[in-house]
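Novice: Once you've had a glance at the structure underneath, I'll fire off some questions.
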Amino acid sequence: LAIGTIGYFGPSPPPGPPAVHHYIFDLYALDMKLDPGISSRADLMKAMAGHVLAKGAYFGVYSR
């Protein structure tokens, strides 16, 4: 996978300071399945509107 394509790339902090890079993942519990062809955040948020049962966040840190 390449940056700019759909998919998950894992942690990849930029080189140099700061030594630790943080990541925030928003998690949603929905009452329906979404179309896997959704390709933009705006379209994703629009499709989820009215279907969010719960929301959470995961904060992670990564260093080289």
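By order in the structure tokens, chains are A, B, ...; within a chain, residues start at 1; ligands start at 1, following the order shown.
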Among chain A, which residues does DSSP mark as strand (DSSP E) when it is run on the backbone? Keep the chain and numbering as in the structure and answer as a list in words.
Specialist: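 In chain A, DSSP puts these residues in strand (DSSP E): Val20, His21, His22, Tyr23, Ile24, Phe25, Asp26, Leu27, Tyr28, Ala29, Leu30, Val52, Leu53, Ala54, Lys55, Gly56, Ala57, Tyr58, Phe59, Gly60, Val61, Tyr62 and Ser63 of chain A.
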Novice: Would you mind listing what lies within 12 Å of Pro11 of chain A as a ChimeraX atom specification, with only C-alpha atoms counted and same-chain residues fewer than 5 positions away left out?
Specialist: /A:20-25,60-64
Novice: Filtering to all heavy atoms, could you give me those residues as a CSV table (one decimal), in the first residue's frame?
Specialist:
chain,number,residue,atom,x,y,z
A,20,VAL,N,9.0,10.6,20.0
A,20,VAL,CA,7.8,9.9,20.1
A,20,VAL,C,6.7,10.6,19.4
A,20,VAL,O,6.5,11.8,19.5
A,20,VAL,CB,7.4,9.7,21.6
A,20,VAL,CG1,6.1,9.0,21.8
A,20,VAL,CG2,8.5,9.0,22.4
A,21,HIS,N,6.0,9.8,18.6
A,21,HIS,CA,4.9,10.3,17.8
A,21,HIS,C,3.6,9.7,18.3
A,21,HIS,O,3.5,8.6,18.7
A,21,HIS,CB,5.1,9.9,16.3
A,21,HIS,CG,4.2,10.7,15.3
A,21,HIS,ND1,4.5,12.0,15.0
A,21,HIS,CD2,3.2,10.3,14.6
A,21,HIS,CE1,3.6,12.4,14.1
A,21,HIS,NE2,2.8,11.4,13.9
A,22,HIS,N,2.5,10.5,18.4
A,22,HIS,CA,1.2,10.0,18.9
A,22,HIS,C,0.2,9.8,17.8
A,22,HIS,O,0.3,10.5,16.7
A,22,HIS,CB,0.7,11.0,20.0
A,22,HIS,CG,0.1,12.2,19.4
A,22,HIS,ND1,0.8,13.3,19.1
A,22,HIS,CD2,-1.2,12.5,19.1
A,22,HIS,CE1,0.1,14.3,18.7
A,22,HIS,NE2,-1.2,13.8,18.6
A,23,TYR,N,-0.7,8.9,18.0
A,23,TYR,CA,-1.7,8.5,17.1
A,23,TYR,C,-3.0,8.5,17.8
A,23,TYR,O,-3.1,8.0,19.0
A,23,TYR,CB,-1.4,7.1,16.5
A,23,TYR,CG,-0.2,7.1,15.6
A,23,TYR,CD1,1.0,6.9,16.1
A,23,TYR,CD2,-0.3,7.4,14.2
A,23,TYR,CE1,2.2,6.9,15.4
A,23,TYR,CE2,0.8,7.4,13.4
A,23,TYR,CZ,2.1,7.2,14.0
A,23,TYR,OH,3.2,7.2,13.2
A,24,ILE,N,-4.1,8.9,17.2
A,24,ILE,CA,-5.4,8.9,17.8
A,24,ILE,C,-6.3,8.1,16.8
A,24,ILE,O,-6.4,8.5,15.6
A,24,ILE,CB,-6.0,10.3,18.1
A,24,ILE,CG1,-5.1,11.0,19.0
A,24,ILE,CG2,-7.4,10.2,18.7
A,24,ILE,CD1,-5.4,12.5,19.1
A,25,PHE,N,-7.0,7.1,17.3
A,25,PHE,CA,-7.9,6.3,16.5
A,25,PHE,C,-9.3,6.5,17.0
A,25,PHE,O,-9.5,6.2,18.2
A,25,PHE,CB,-7.6,4.8,16.5
A,25,PHE,CG,-6.2,4.5,15.9
A,25,PHE,CD1,-5.1,4.5,16.7
A,25,PHE,CD2,-6.1,4.1,14.6
A,25,PHE,CE1,-3.8,4.2,16.2
A,25,PHE,CE2,-4.9,3.8,14.1
A,25,PHE,CZ,-3.7,3.8,14.9
A,60,GLY,N,-2.4,6.2,21.1
A,60,GLY,CA,-1.2,5.3,21.1
A,60,GLY,C,0.0,6.2,20.8
A,60,GLY,O,-0.1,7.3,20.2
A,61,VAL,N,1.2,5.7,21.2
A,61,VAL,CA,2.4,6.4,21.0
A,61,VAL,C,3.4,5.4,20.3
A,61,VAL,O,3.3,4.2,20.5
A,61,VAL,CB,3.1,7.0,22.2
A,61,VAL,CG1,2.3,8.1,22.8
A,61,VAL,CG2,3.3,6.0,23.3
A,62,TYR,N,4.3,5.9,19.5
A,62,TYR,CA,5.2,5.1,18.8
A,62,TYR,C,6.5,5.8,18.6
A,62,TYR,O,6.5,7.0,18.4
A,62,TYR,CB,4.7,4.7,17.4
A,62,TYR,CG,5.6,3.8,16.6
A,62,TYR,CD1,5.6,2.4,16.8
A,62,TYR,CD2,6.4,4.4,15.6
A,62,TYR,CE1,6.4,1.6,16.0
A,62,TYR,CE2,7.2,3.6,14.8
A,62,TYR,CZ,7.2,2.2,15.1
A,62,TYR,OH,8.1,1.4,14.3
A,63,SER,N,7.6,5.2,18.7
A,63,SER,CA,8.9,5.8,18.5
A,63,SER,C,9.8,4.8,17.7
A,63,SER,O,9.6,3.6,17.7
A,63,SER,CB,9.6,6.1,19.8
A,63,SER,OG,9.9,5.0,20.5
A,64,ARG,N,10.7,5.4,17.0
A,64,ARG,CA,11.6,4.6,16.1
A,64,ARG,C,12.6,3.9,17.0
A,64,ARG,O,13.0,4.3,18.0
A,64,ARG,CB,12.3,5.5,15.1
A,64,ARG,CG,11.3,5.9,14.1
A,64,ARG,CD,12.1,6.7,12.9
A,64,ARG,NE,11.1,7.1,12.0
A,64,ARG,CZ,10.7,6.4,10.9
A,64,ARG,NH1,11.2,5.3,10.6
A,64,ARG,NH2,9.8,6.9,10.1
Novice: Write out as a PyMOL selection string the residues lying within 7 Å of segment 44-55 of chain A, counting only C-alpha atoms and excluding same-chain residues fewer than 2 positions away.
Specialist: chain A and resi 27-32+38+40-42
Novice: Put those residues in a file: C-alpha atoms, as a PDB file, in the first residue's frame.
Specialist:
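Okay, selection-v7.pdb is ready:
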ATOM      1  CA  LEU A  27     -13.752   4.020  17.119  1.00  0.00           C
ATOM      2  CA  TYR A  28     -17.464   3.806  16.327  1.00  0.00           C
ATOM      3  CA  ALA A  29     -20.112   1.175  17.078  1.00  0.00           C
ATOM      4  CA  LEU A  30     -22.776   1.334  14.368  1.00  0.00           C
ATOM      5  CA  ASP A  31     -26.205  -0.223  14.009  1.00  0.00           C
ATOM      6  CA  MET A  32     -25.567  -1.083  10.344  1.00  0.00           C
ATOM      7  CA  ILE A  38     -16.677   4.776   0.771  1.00  0.00           C
ATOM      8  CA  SER A  40     -13.492   9.911   1.801  1.00  0.00           C
ATOM      9  CA  ARG A  41     -13.849  10.946   5.437  1.00  0.00           C
ATOM     10  CA  ALA A  42     -16.696  13.316   4.521  1.00  0.00           C
TER      11      ALA A  42
END
Novice: What is the atom CA of Gly7 of chain A-atom CA of Lys33 of chain A distance in Å, reported with one decimal?
Specialist: 17.8 Å
